[in-house]
$ cat run_23.cif   # mmCIF, C-alpha atoms and all ligand atoms
data_work
loop_
_atom_site.label_atom_id
_atom_site.label_comp_id
_atom_site.auth_asym_id
_atom_site.auth_seq_id
_atom_site.Cartn_x
_atom_site.Cartn_y
_atom_site.Cartn_z
CA MET L 119 91.06 96.54 97.27
CA GLU L 120 92.82 97.61 94.06
CA ARG L 121 96.39 96.38 94.55
CA LEU L 122 97.66 97.91 91.27
CA LYS L 123 95.82 101.23 91.30
CA ASP L 124 97.48 103.74 88.92
CA LYS L 125 100.08 101.19 87.75
CA VAL L 126 100.89 100.47 84.11
CA ALA L 127 101.87 96.90 83.21
CA VAL L 128 103.39 95.50 80.03
CA ILE L 129 102.83 91.75 79.58
CA THR L 130 104.55 89.81 76.80
CA GLY L 131 103.00 86.56 75.65
CA GLY L 132 99.98 88.55 76.78
CA THR L 133 97.33 86.62 74.89
CA GLY L 134 98.51 83.14 75.94
CA GLY L 135 97.18 81.17 78.90
CA ILE L 136 99.23 82.75 81.69
CA GLY L 137 99.43 86.19 80.07
CA LEU L 138 95.68 86.58 79.65
CA ALA L 139 94.84 85.21 83.09
CA THR L 140 97.34 87.66 84.58
CA ALA L 141 95.94 90.55 82.52
CA ASN L 142 92.49 89.78 83.92
CA LEU L 143 93.82 89.97 87.49
CA PHE L 144 95.87 93.12 86.85
CA LEU L 145 92.82 94.86 85.33
CA LYS L 146 90.63 93.81 88.24
CA HIS L 147 93.17 95.42 90.55
CA GLY L 148 93.15 98.75 88.75
CA ALA L 149 96.14 98.53 86.38
CA LYS L 150 96.33 99.70 82.82
CA VAL L 151 97.75 96.90 80.71
CA VAL L 152 99.63 96.57 77.41
CA LEU L 153 99.38 93.07 75.98
CA VAL L 154 102.22 92.22 73.61
CA ASP L 155 102.03 89.07 71.51
CA LYS L 156 103.24 87.72 68.19
CA ASN L 157 99.96 85.99 67.40
CA SER L 158 97.55 88.42 65.71
CA GLU L 159 94.59 86.00 65.82
CA ALA L 160 95.02 85.53 69.55
CA ILE L 161 95.19 89.32 69.94
CA GLU L 162 91.79 89.69 68.23
CA LYS L 163 90.32 86.88 70.34
CA SER L 164 91.63 88.46 73.55
CA ARG L 165 90.31 91.87 72.53
CA ALA L 166 86.81 90.38 72.30
CA GLU L 167 87.19 88.33 75.47
CA LEU L 168 88.61 91.05 77.75
CA ASN L 169 86.57 93.91 76.27
CA HIS L 170 88.11 96.38 78.73
CA LYS L 171 88.90 100.06 78.25
CA ASN L 172 92.23 99.86 80.07
CA VAL L 173 93.95 97.39 77.72
CA SER L 174 96.05 98.14 74.70
CA TYR L 175 97.31 95.48 72.31
CA PHE L 176 100.52 95.38 70.33
CA GLN L 177 101.69 92.74 67.90
CA ALA L 178 105.42 92.17 68.28
CA ASP L 179 108.06 89.48 68.28
CA VAL L 180 110.00 89.72 71.55
CA SER L 181 113.06 88.13 69.95
CA LYS L 182 113.53 91.20 67.70
CA LYS L 183 115.21 94.34 68.96
CA GLU L 184 113.17 96.61 66.63
CA ASP L 185 109.90 95.09 67.87
CA THR L 186 110.97 95.49 71.50
CA ILE L 187 111.65 99.18 70.93
CA LYS L 188 108.29 99.49 69.16
CA PHE L 189 106.26 97.98 72.01
CA LEU L 190 108.21 100.06 74.50
CA ASP L 191 107.38 103.25 72.56
CA HIS L 192 103.76 102.17 72.15
CA SER L 193 103.39 101.56 75.91
CA LEU L 194 104.88 104.94 76.83
CA GLU L 195 102.82 106.77 74.19
CA THR L 196 99.61 105.03 75.28
CA TYR L 197 99.87 105.20 79.08
CA GLY L 198 102.81 107.55 79.76
CA LYS L 199 104.88 105.22 81.97
CA ILE L 200 105.69 101.59 82.80
CA ASP L 201 105.62 100.31 86.41
CA ILE L 202 105.45 96.56 85.80
CA PHE L 203 107.16 94.50 83.11
CA PHE L 204 106.04 90.86 82.91
CA ALA L 205 108.48 89.13 80.52
CA ASN L 206 106.33 86.09 79.95
CA ALA L 207 106.42 85.15 76.23
CA GLY L 208 107.82 81.69 75.69
CA ILE L 209 107.82 78.64 73.45
CA GLU L 210 108.45 75.03 74.35
CA GLY L 211 110.38 73.78 71.31
CA VAL L 212 110.15 70.06 70.63
CA SER L 213 110.60 66.95 72.70
CA SER L 214 113.91 65.36 71.70
CA PRO L 215 117.12 64.27 73.39
CA ILE L 216 120.01 66.74 73.10
CA SER L 217 121.83 64.37 70.74
CA GLU L 218 119.01 64.65 68.20
CA TYR L 219 117.66 68.13 68.93
CA PRO L 220 117.07 70.09 65.67
CA GLU L 221 119.37 73.10 65.48
CA ASP L 222 116.73 75.42 64.00
CA VAL L 223 114.32 74.67 66.85
CA PHE L 224 117.12 75.20 69.38
CA ASP L 225 117.82 78.60 67.79
CA SER L 226 114.16 79.62 67.92
CA VAL L 227 113.76 78.62 71.58
CA ILE L 228 116.90 80.58 72.47
CA ALA L 229 115.63 83.57 70.46
CA VAL L 230 112.26 83.82 72.20
CA ASN L 231 112.87 82.52 75.73
CA LEU L 232 116.37 83.89 76.29
CA LYS L 233 117.09 86.74 73.87
CA GLY L 234 113.50 87.96 74.21
CA VAL L 235 113.89 88.33 77.99
CA TRP L 236 117.36 89.86 77.54
CA LEU L 237 116.09 92.49 75.07
CA GLY L 238 113.17 93.28 77.34
CA CYS L 239 115.50 93.87 80.28
CA GLN L 240 117.90 95.85 78.08
CA TYR L 241 115.32 98.25 76.61
CA ILE L 242 112.32 98.31 78.97
CA ILE L 243 113.95 98.53 82.42
CA PRO L 244 115.83 101.80 81.76
CA LYS L 245 112.51 103.45 80.84
CA MET L 246 110.56 102.07 83.82
CA GLU L 247 109.51 104.08 86.83
CA ASP L 248 111.75 103.84 89.90
CA GLY L 249 110.20 101.39 92.38
CA GLY L 250 108.84 99.23 89.55
CA SER L 251 108.67 95.46 89.26
CA VAL L 252 110.10 93.12 86.63
CA ILE L 253 108.73 89.57 86.61
CA ILE L 254 110.18 86.92 84.34
CA THR L 255 108.38 83.63 83.66
CA SER L 256 110.89 80.84 84.02
CA SER L 257 109.62 77.35 84.92
CA VAL L 258 110.22 74.48 87.29
CA ALA L 259 112.37 73.52 84.27
CA GLY L 260 114.52 76.54 85.18
CA LEU L 261 115.62 74.79 88.37
CA LYS L 262 115.63 71.11 87.35
CA GLY L 263 116.38 69.03 84.24
CA PHE L 264 113.66 67.29 82.24
CA ALA L 265 114.73 64.70 79.64
CA GLY L 266 113.76 65.71 76.11
CA LEU L 267 113.30 69.41 76.85
CA GLY L 268 116.95 70.46 76.64
CA ALA L 269 116.58 73.78 74.81
CA TYR L 270 113.63 74.83 76.96
CA VAL L 271 115.39 73.83 80.19
CA ALA L 272 118.56 75.67 79.13
CA THR L 273 116.67 78.93 78.47
CA LYS L 274 114.60 78.72 81.63
CA HIS L 275 117.81 78.31 83.68
CA ALA L 276 119.45 81.16 81.77
CA VAL L 277 116.75 83.70 82.62
CA VAL L 278 117.42 83.09 86.31
CA GLY L 279 120.90 84.44 85.59
CA ILE L 280 119.47 87.50 83.84
CA MET L 281 117.10 88.03 86.78
CA ARG L 282 119.94 87.86 89.32
CA VAL L 283 122.08 90.37 87.42
CA ALA L 284 119.20 92.74 86.65
CA ALA L 285 118.12 92.64 90.32
CA VAL L 286 121.56 93.84 91.41
CA GLU L 287 121.96 96.36 88.59
CA ASN L 288 118.61 98.04 89.29
CA ALA L 289 118.54 97.92 93.07
CA SER L 290 119.60 101.57 93.39
CA ARG L 291 116.37 102.53 91.58
CA LYS L 292 114.37 100.20 93.86
CA ILE L 293 113.29 98.22 90.81
CA ARG L 294 112.85 94.63 91.87
CA VAL L 295 113.41 91.70 89.52
CA ASN L 296 112.12 88.19 90.21
CA THR L 297 111.35 84.94 88.39
CA ILE L 298 108.24 82.79 88.62
CA HIS L 299 108.66 79.03 88.21
CA PRO L 300 105.39 77.30 87.31
CA GLY L 301 105.08 73.54 87.26
CA PRO L 302 102.85 72.16 84.48
CA VAL L 303 99.95 74.53 83.81
CA ASP L 304 96.60 73.41 82.44
CA ASN L 305 96.68 75.35 79.17
CA GLU L 306 97.62 75.13 75.50
CA MET L 307 101.38 74.86 76.06
CA MET L 308 101.00 71.63 78.07
CA ARG L 309 98.52 70.30 75.48
CA ARG L 310 101.22 70.80 72.81
CA ILE L 311 103.94 69.22 74.99
CA GLU L 312 101.74 66.20 75.82
CA SER L 313 100.91 65.61 72.13
CA ASP L 314 104.49 66.10 71.05
CA MET L 315 105.77 63.58 73.60
CA SER L 316 103.11 61.01 72.71
CA PRO L 317 100.89 61.82 69.70
CA ASP L 318 98.79 58.67 70.22
CA SER L 319 98.26 58.92 73.96
CA PRO L 320 98.86 62.45 75.26
CA GLU L 321 96.71 61.68 78.31
CA VAL L 322 99.32 59.16 79.48
CA VAL L 323 101.95 61.94 79.39
CA LYS L 324 99.57 64.16 81.36
CA ASP L 325 99.04 61.44 83.97
CA GLY L 326 102.83 61.10 84.26
CA PHE L 327 103.29 64.81 84.87
CA ILE L 328 100.45 64.87 87.40
CA ALA L 329 102.01 61.93 89.24
CA ALA L 330 105.15 64.06 89.64
CA VAL L 331 103.23 66.87 91.36
CA PRO L 332 102.64 66.16 95.07
CA PHE L 333 99.46 68.26 95.02
CA GLY L 334 98.20 65.88 92.32
CA ARG L 335 97.19 68.28 89.56
CA TYR L 336 98.35 70.91 87.08
CA ALA L 337 98.31 74.57 88.09
CA THR L 338 95.74 76.88 86.57
CA SER L 339 96.94 79.88 84.57
CA LYS L 340 95.21 82.07 87.15
CA GLU L 341 97.30 80.59 89.98
CA ILE L 342 100.45 81.70 88.15
CA GLY L 343 98.84 85.11 87.62
CA GLU L 344 98.21 85.39 91.36
CA CYS L 345 101.93 85.06 92.04
CA ALA L 346 102.59 87.69 89.35
CA LEU L 347 100.00 89.95 91.01
CA PHE L 348 101.81 89.71 94.34
CA LEU L 349 105.17 90.46 92.69
CA ALA L 350 103.64 93.37 90.75
CA SER L 351 101.99 94.91 93.81
CA ASP L 352 103.65 97.02 96.49
CA GLU L 353 103.22 94.09 98.90
CA SER L 354 106.45 92.66 97.42
CA LYS L 355 108.40 95.92 97.40
CA PHE L 356 111.36 94.52 99.42
CA ILE L 357 111.59 91.26 97.46
CA THR L 358 114.14 91.10 94.64
CA GLY L 359 116.52 88.59 93.07
CA CYS L 360 114.30 85.64 94.04
CA THR L 361 112.94 82.52 92.39
CA HIS L 362 109.25 81.90 93.15
CA LEU L 363 107.98 78.36 92.66
CA VAL L 364 104.30 77.78 91.86
CA ASP L 365 104.54 74.04 91.29
CA GLY L 366 102.42 72.16 93.84
CA GLY L 367 105.63 70.79 95.37
CA MET L 368 107.04 69.31 92.15
CA LEU L 369 110.64 70.50 92.50
CA ASN L 370 111.07 69.05 95.95
CA ALA L 371 109.31 65.75 95.30
P1 LIG A 1 100.97 79.82 75.89
O1 LIG A 1 101.53 79.05 74.76
O2 LIG A 1 99.50 79.82 76.11
O3 LIG A 1 101.42 81.35 75.81
C1 LIG A 1 102.64 81.78 75.29
C2 LIG A 1 102.39 83.07 74.54
O4 LIG A 1 103.64 83.61 74.07
C3 LIG A 1 101.51 82.86 73.29
O5 LIG A 1 100.43 83.78 73.30
C4 LIG A 1 102.45 83.12 72.13
O6 LIG A 1 101.80 83.65 70.99
C5 LIG A 1 103.43 84.10 72.74
N1 LIG A 1 104.68 84.14 72.02
C6 LIG A 1 105.42 83.11 71.57
N2 LIG A 1 106.50 83.54 70.90
C7 LIG A 1 106.46 84.90 70.95
C8 LIG A 1 107.30 85.91 70.44
N3 LIG A 1 108.40 85.62 69.75
N4 LIG A 1 106.97 87.21 70.67
C9 LIG A 1 105.82 87.51 71.36
N5 LIG A 1 104.99 86.58 71.85
C10 LIG A 1 105.30 85.29 71.64
O7 LIG A 1 101.68 79.27 77.19
P2 LIG A 1 101.77 79.90 78.67
O8 LIG A 1 101.72 78.78 79.61
O9 LIG A 1 100.83 81.01 78.84
O10 LIG A 1 103.28 80.45 78.64
C11 LIG A 1 103.68 81.64 79.29
C12 LIG A 1 105.04 81.42 79.89
O11 LIG A 1 104.95 80.45 80.93
C13 LIG A 1 106.09 80.89 78.92
O12 LIG A 1 107.31 81.59 79.12
C14 LIG A 1 106.23 79.44 79.32
O13 LIG A 1 107.49 78.92 78.99
C15 LIG A 1 106.01 79.52 80.82
N6 LIG A 1 105.63 78.27 81.46
C16 LIG A 1 104.53 77.60 81.04
C17 LIG A 1 104.20 76.41 81.66
C18 LIG A 1 103.00 75.60 81.21
O14 LIG A 1 102.84 74.48 81.67
N7 LIG A 1 102.14 76.13 80.38
C19 LIG A 1 104.98 75.92 82.71
C20 LIG A 1 106.09 76.65 83.12
C21 LIG A 1 106.41 77.84 82.48
#
$ encode --input "run_23.cif" --output "structure tokens" --more "lines below"
Ligand code: NAD
Amino acid sequence: MERLKDKVAVITGGTGGIGLATANLFLKHGAKVVLVDKNSEAIEKSRAELNHKNVSYFQADVSKKEDTIKFLDHSLETYGKIDIFFANAGIEGVSSPISEYPEDVFDSVIAVNLKGVWLGCQYIIPKMEDGGSVIITSSVAGLKGFAGLGAYVATKHAVVGIMRVAAVENASRKIRVNTIHPGPVDNEMMRRIESDMSPDSPEVVKDGFIAAVPFGRYATSKEIGECALFLASDESKFITGCTHLVDGGMLNA
């Protein structure tokens, strides 16, 4: 069954672990997909890997208003409409206590994870089809504090606020807005976090994270994509303003 037949989806951070896994699922379910990412090399790699006629790629920085307007225009010119907006681009920053956190890194994490989602909601939602779906990737770190990840945790909490406001503001158009909250996912972002926290023994950091997940493992990128697929499909058409954990029980442990 094609759960996204005739739908058009825009995915930011589209060539990263979660973005690409989600794109694969969306394509399998009949969507046309625009993948937006800052990383041109990753765009070329994804183009070769997906090799699908219903994907369009656009290089853009979600933290810039001009780029947001450009990928909006590109999506509308390419596929004529937007039904699904997956605001998924994100960066982790560095591992450091708040007292020592570098200001420039703080600013960059705020720019991508918070302003990027804000700009997306500001410019994309008004041009979306009524009845559409906005999905924002927060994190389990959007509902709980983690020492050393202050900037990241702050932004992932903040997007829950954006989600709650956007859900109310767009309810009359039956556009639903929800957040997904992954626990640690087995992809490049966690590899960077593990190495940053302990350059000499990243595997010890990984073991520590896994010990904090009652299901005893990291999520796969595809498992996060499956939650996005549900929220993108009409099966979730009465669900809005909600936080959706995909964390193997981590938050409640
Ligand atoms: P990833 O690093 O593989 O992907 C992130 C993507 O975002 C990359 O392709 C990167 O190029 C892109 N990106 C970064 N800055 C950008 C910008 N300014 N403009 C456009 N694109 C930009 O990691 P991922 O796990 O796929 O991350 C996707 C989302 O999931 C992020 O918001 C992340 O915070 C969130 N998340 C990840 C994990 C995890 O363990 N990996 C856990 C919880 C939440």
$ atom_distance --input "run_23.cif" --atom1 "CA of Gly137 in chain L" --atom2 "CA of Phe333 in chain L"
23.3 Å
$ closest_residue --input "run_23.cif" --among "L:Val151, L:Ser319, L:Lys340, L:Thr361" --to "Gly279 in chain L" --atoms "all atoms listed in the file"
L:Thr361
$ atom_distance --input "run_23.cif" --atom1 "CA of Val271 in chain L" --atom2 "CA of Leu190 in chain L"
27.8 Å
$ residues_near_ligand --input "run_23.cif" --ligand "ligand LIG 1 (chain A)" --cutoff "7 Å" --atoms "all atoms listed in the file" --output "PyMOL selection string"
chain L and resi 130-137+154-157+160+178-181+206-210+230-231+255-258+299-308+339
$ atom_distance --input "run_23.cif" --atom1 "CA of Ile293 in chain L" --atom2 "CA of Ile242 in chain L"
11.9 Å
$ closest_residue --input "run_23.cif" --among "L:Tyr219, L:Ile280, L:Gly366, L:Val295" --to "Ala337 in chain L" --atoms "only C-alpha atoms"
L:Gly366
$ closest_residue --input "run_23.cif" --among "L:Asp314, L:Ala350, L:Gly148, L:Gly249" --to "Ile298 in chain L" --atoms "all atoms listed in the file"
L:Ala350
$ closest_residue --input "run_23.cif" --among "L:Val173, L:Met368, L:Gly211, L:Lys163" --to "Gly334 in chain L" --atoms "all atoms listed in the file"
L:Met368
$ closest_residue --input "run_23.cif" --among "L:Asn172, L:Leu237, L:Arg310, L:Ala330" --to "Gly367 in chain L" --atoms "only C-alpha atoms"
L:Ala330
$ closest_residue --input "run_23.cif" --among "L:Thr140, L:Thr297, L:Gln177, L:Ser316" --to "Leu363 in chain L" --atoms "all atoms listed in the file"
L:Thr297
$ axis_aligned_box --input "run_23.cif" --around "range 330-338 of chain L" --padding-each-side "3 Å" --output "AutoDock Vina command-line options"
--center_x 100.4 --center_y 70.5 --center_z 90.8 --size_x 15.4 --size_y 18.8 --size_z 14.5
$ residues_near_point --input "run_23.cif" --point "(105.3, 103.3, 75.0)" --cutoff "12 Å" --atoms "only C-alpha atoms" --output "NGL selection string"
:L and (126-128 or 151-154 or 174-176 or 185-201 or 241-242 or 245-246)
$ build_atoms --input "run_23.cif" --residues "range 274-288 of chain L" --atoms "N, CA, C and O atoms" --output "mmCIF file, in the coordinates of the input"
data_model
loop_
_atom_site.group_PDB
_atom_site.id
_atom_site.type_symbol
_atom_site.label_atom_id
_atom_site.label_comp_id
_atom_site.auth_asym_id
_atom_site.auth_seq_id
_atom_site.Cartn_x
_atom_site.Cartn_y
_atom_site.Cartn_z
ATOM 1 N N LYS L 274 115.295 78.382 80.388
ATOM 2 C CA LYS L 274 114.600 78.720 81.630
ATOM 3 C C LYS L 274 115.592 78.829 82.801
ATOM 4 O O LYS L 274 115.349 79.554 83.773
ATOM 5 N N HIS L 275 116.718 78.088 82.719
ATOM 6 C CA HIS L 275 117.810 78.310 83.680
ATOM 7 C C HIS L 275 118.485 79.661 83.419
ATOM 8 O O HIS L 275 118.816 80.404 84.337
ATOM 9 N N ALA L 276 118.696 79.952 82.133
ATOM 10 C CA ALA L 276 119.450 81.160 81.770
ATOM 11 C C ALA L 276 118.760 82.436 82.241
ATOM 12 O O ALA L 276 119.427 83.393 82.662
ATOM 13 N N VAL L 277 117.428 82.457 82.207
ATOM 14 C CA VAL L 277 116.750 83.700 82.620
ATOM 15 C C VAL L 277 116.866 83.935 84.119
ATOM 16 O O VAL L 277 116.712 85.069 84.580
ATOM 17 N N VAL L 278 117.159 82.884 84.871
ATOM 18 C CA VAL L 278 117.420 83.090 86.310
ATOM 19 C C VAL L 278 118.705 83.916 86.451
ATOM 20 O O VAL L 278 118.795 84.813 87.297
ATOM 21 N N GLY L 279 119.662 83.645 85.589
ATOM 22 C CA GLY L 279 120.900 84.440 85.590
ATOM 23 C C GLY L 279 120.632 85.895 85.238
ATOM 24 O O GLY L 279 121.146 86.811 85.891
ATOM 25 N N ILE L 280 119.818 86.112 84.213
ATOM 26 C CA ILE L 280 119.470 87.500 83.840
ATOM 27 C C ILE L 280 118.784 88.173 85.020
ATOM 28 O O ILE L 280 119.088 89.329 85.371
ATOM 29 N N MET L 281 117.844 87.470 85.639
ATOM 30 C CA MET L 281 117.100 88.030 86.780
ATOM 31 C C MET L 281 118.070 88.449 87.890
ATOM 32 O O MET L 281 117.964 89.551 88.448
ATOM 33 N N ARG L 282 119.038 87.559 88.195
ATOM 34 C CA ARG L 282 119.940 87.860 89.320
ATOM 35 C C ARG L 282 120.792 89.088 89.030
ATOM 36 O O ARG L 282 121.038 89.913 89.915
ATOM 37 N N VAL L 283 121.256 89.202 87.782
ATOM 38 C CA VAL L 283 122.080 90.370 87.420
ATOM 39 C C VAL L 283 121.215 91.634 87.391
ATOM 40 O O VAL L 283 121.597 92.671 87.956
ATOM 41 N N ALA L 284 120.057 91.550 86.755
ATOM 42 C CA ALA L 284 119.200 92.740 86.650
ATOM 43 C C ALA L 284 118.745 93.209 88.033
ATOM 44 O O ALA L 284 118.590 94.416 88.270
ATOM 45 N N ALA L 285 118.539 92.264 88.953
ATOM 46 C CA ALA L 285 118.120 92.640 90.320
ATOM 47 C C ALA L 285 119.203 93.491 90.978
ATOM 48 O O ALA L 285 118.914 94.507 91.622
ATOM 49 N N VAL L 286 120.457 93.094 90.797
ATOM 50 C CA VAL L 286 121.560 93.840 91.410
ATOM 51 C C VAL L 286 121.742 95.186 90.699
ATOM 52 O O VAL L 286 121.887 96.237 91.337
ATOM 53 N N GLU L 287 121.700 95.134 89.359
ATOM 54 C CA GLU L 287 121.960 96.360 88.590
ATOM 55 C C GLU L 287 120.917 97.453 88.818
ATOM 56 O O GLU L 287 121.205 98.632 88.642
ATOM 57 N N ASN L 288 119.685 97.045 89.172
ATOM 58 C CA ASN L 288 118.610 98.040 89.290
ATOM 59 C C ASN L 288 118.166 98.307 90.724
ATOM 60 O O ASN L 288 117.188 99.023 90.942
#
